[in-house]
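Down below is the structure, laid out as structure tokens.
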Amino acid sequence: MAAAPRALAAAQPCTTLPRAAARPPPPLRAERQQRRPGRQQQQQQSQQQHRRARGPAPPRATPGLGDEELDVAVFRFTLGIPGFDDANIPRVVGAAVAALVAVNHALGADPAPPAQVRAEFLDVLLAVLCFAAPELEARLREAGPGRGRAGAGQVAGAAQLFALAEGQSEAARKELAWASFALLKNVNACSVVLLQPERGAALLARGALAAAAVAGGDAAVALAHVGADARDGGAGGLLQGGQQQRWLPDRGAMRAAGVAGWACVPEGAQSALVQAVPGGALLLVLGERPRALSDKDQRWVAALAAKLGGVLAA
């Protein structure tokens, strides 16, 4: 009986069941890394399209950078004494130190020990430096480019004028206007005049000039008056013997040369420089204080005159 089932099992055909479809292997790391950039690009493109649809974003407010009004106060130490210039404070300090040193020397031992003598010598030296400090500061300010320049309102007997003579090309007029602006900007001068003494004409006048010459408001009339007066005042004889430049450092030198009496020279002009321009012209530069033009300024004027010579010859 036990052998029958075994025979039946052996007689049945052996069938093989179909295997389940094998799952694809997971992507490798390299493939995942290649797919990520594509997704990031799609996200960035969608964000950009969304921003374009919304329009430009409003500017963000940064606190403390112009979003509110700032109230800035500048404090300056002054003594507040009526009629006393604060620039003279170093002189007052120097005088006080010198007085204290003199009192200390008078009340000290006689003869004074060497250490006291050396200390008093240094104190007197510092007092002298304090007394001279305002004058040194003024000289240093004058040496700087453009720091000593003053407007027509600050020069006695002066009025503002800018006039170019007719009959010149447009390019020449532009060069003259630029040259006069650059000169007043970079040199310690209050006015500049370009003259042709032989013709008795003025080609350019700019800056603080005598109010009498500017009166009337007609630039052409003012130039004609300035040119004729300079010719009659001996402008052609200022430079002699091949001289290219003549420096008049103060009002006395201007009177001796005859420049102080010209119609274009205001009463407040305290120094002048006469520079030869190639072609027979003269460049007159005025300063509102004595010794206004340094050596560097004078060289600058000479270089500018050489350039103007080429402009006039063109």
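We label chains A, B, ... in the order they appear in the structure tokens, count residues from 1 in each chain, and number ligands from 1 in the order shown.
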
* To do: Check the DSSP output for the backbone and give back, as a ChimeraX atom specification, the residues of range 198-270 of chain A in helix (DSSP H, G or I).
  => /A:211-214,219-232,235-237,251-257,259-261

Wanna dump the range 205-298 of chain A-range 189-197 of chain A contacts at 7 Å for me, each residue with its shortest atom pair and the distance in Å to one decimal, counting only C-alpha atoms, ordered by chain and number, as CSV?
```
residue,atom,partner,partner_atom,distance
A:Ala205,CA,A:Val193,CA,4.5
A:Arg206,CA,A:Val192,CA,5.5
A:Gly207,CA,A:Ser191,CA,4.1
A:Ala208,CA,A:Ser191,CA,5.2
A:Leu209,CA,A:Ser191,CA,6.5
A:Gly227,CA,A:Leu195,CA,6.4
A:Ala230,CA,A:Pro197,CA,6.9
A:Arg231,CA,A:Pro197,CA,5.2
A:Ala235,CA,A:Pro197,CA,6.0
A:Gly236,CA,A:Pro197,CA,5.4
A:Gly280,CA,A:Gln196,CA,6.7
A:Ala281,CA,A:Gln196,CA,4.6
A:Leu282,CA,A:Leu195,CA,5.1
A:Leu283,CA,A:Leu194,CA,4.7
A:Leu284,CA,A:Val193,CA,5.1
A:Val285,CA,A:Val192,CA,4.6
A:Leu286,CA,A:Ser191,CA,5.4
A:Gly287,CA,A:Ala189,CA,4.5
A:Glu288,CA,A:Cys190,CA,6.2
```

Within 12 Å of range 248-265 of chain A, which residues of range 104-179 of chain A show up? Give each one with its shortest atom-to-atom distance in Å (one decimal) and the two atoms involved, counting only C-alpha atoms, rows by chain then rising residue number, as CSV.
```
residue,atom,partner,partner_atom,distance
A:Ala152,CA,A:Val265,CA,12.0
A:Val155,CA,A:Val265,CA,10.7
A:Ala156,CA,A:Val265,CA,10.5
A:Gly157,CA,A:Val265,CA,9.1
A:Ala158,CA,A:Val265,CA,8.3
A:Ala159,CA,A:Cys264,CA,10.1
A:Gln160,CA,A:Cys264,CA,11.2
A:Leu161,CA,A:Cys264,CA,10.3
```

May I have the residues from that selection written out with C-alpha atoms, as a PDB file, in the first residue's frame?
```pdb
ATOM      1  CA  ALA A 152      35.361 138.081  -5.870  1.00  0.00           C
ATOM      2  CA  VAL A 155      38.759 140.594  -2.665  1.00  0.00           C
ATOM      3  CA  ALA A 156      38.403 144.325  -2.009  1.00  0.00           C
ATOM      4  CA  GLY A 157      37.111 146.314  -4.970  1.00  0.00           C
ATOM      5  CA  ALA A 158      36.559 143.242  -7.148  1.00  0.00           C
ATOM      6  CA  ALA A 159      33.685 141.810  -9.154  1.00  0.00           C
ATOM      7  CA  GLN A 160      33.321 138.478 -10.930  1.00  0.00           C
ATOM      8  CA  LEU A 161      33.903 138.357 -14.690  1.00  0.00           C
TER       9      LEU A 161
END
```

* **Contacts of Ala177 in chain A within 12 Å, only C-alpha atoms, excl. fewer than 3 positions in-chain, as an MDAnalysis selection string** => chainID A and resid 162:165 170:174 180:184 192:194 203:207 308 311

Write to file, as a PDB file, in the first residue's frame, the residues of the selection just made, with C-alpha atoms.
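Contents of part_17.pdb, freshly written:
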```pdb
ATOM      1  CA  PHE A 162      34.333 135.686 -17.350  1.00  0.00           C
ATOM      2  CA  ALA A 163      34.778 137.004 -20.876  1.00  0.00           C
ATOM      3  CA  LEU A 164      36.285 135.631 -24.098  1.00  0.00           C
ATOM      4  CA  ALA A 165      37.146 137.818 -27.072  1.00  0.00           C
ATOM      5  CA  GLU A 170      35.379 127.565 -31.341  1.00  0.00           C
ATOM      6  CA  ALA A 171      38.211 125.143 -30.500  1.00  0.00           C
ATOM      7  CA  ALA A 172      40.450 128.010 -29.351  1.00  0.00           C
ATOM      8  CA  ARG A 173      37.677 129.452 -27.183  1.00  0.00           C
ATOM      9  CA  LYS A 174      37.132 126.082 -25.542  1.00  0.00           C
ATOM     10  CA  SER A 180      41.503 129.585 -17.225  1.00  0.00           C
ATOM     11  CA  PHE A 181      39.341 127.208 -15.183  1.00  0.00           C
ATOM     12  CA  ALA A 182      42.244 124.833 -14.553  1.00  0.00           C
ATOM     13  CA  LEU A 183      44.519 127.700 -13.531  1.00  0.00           C
ATOM     14  CA  LEU A 184      42.080 129.120 -10.978  1.00  0.00           C
ATOM     15  CA  VAL A 192      43.713 135.579 -14.777  1.00  0.00           C
ATOM     16  CA  VAL A 193      43.928 137.857 -17.849  1.00  0.00           C
ATOM     17  CA  LEU A 194      45.379 137.023 -21.278  1.00  0.00           C
ATOM     18  CA  LEU A 203      41.617 137.753 -25.236  1.00  0.00           C
ATOM     19  CA  LEU A 204      40.492 136.391 -21.872  1.00  0.00           C
ATOM     20  CA  ALA A 205      39.513 137.692 -18.451  1.00  0.00           C
ATOM     21  CA  ARG A 206      38.279 135.462 -15.673  1.00  0.00           C
ATOM     22  CA  GLY A 207      37.972 135.686 -11.905  1.00  0.00           C
ATOM     23  CA  LEU A 308      48.213 128.557 -24.783  1.00  0.00           C
ATOM     24  CA  VAL A 311      46.404 127.255 -29.139  1.00  0.00           C
TER      25      VAL A 311
END
```

* Can you tell me how far CA of Ala179 in chain A sits from CA of Val301 in chain A, in Å to one decimal? -> 10.0 Å

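Proximity to Ala119 in chain A was assessed for A:Val92, A:Leu176, A:Ala314, A:Val101 counting only C-alpha atoms; the smallest distance is recorded for A:Val101.
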
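Comparing the minimum interatomic distances between Ala133 in chain A and each of A:Ile89, A:Ala201, A:Leu107, A:Ala305, counting only C-alpha atoms, we find that A:Ile89 sits nearest.
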
* **Distance query Val117 in chain A at most 12 Å, only C-alpha atoms, self and fewer than 6 positions along chain excluded, as a list in words** => Val101, Ala102, Asn104, His105, Gly108, Ala109, Asp110, Pro111, Asp123 and Val124 of chain A
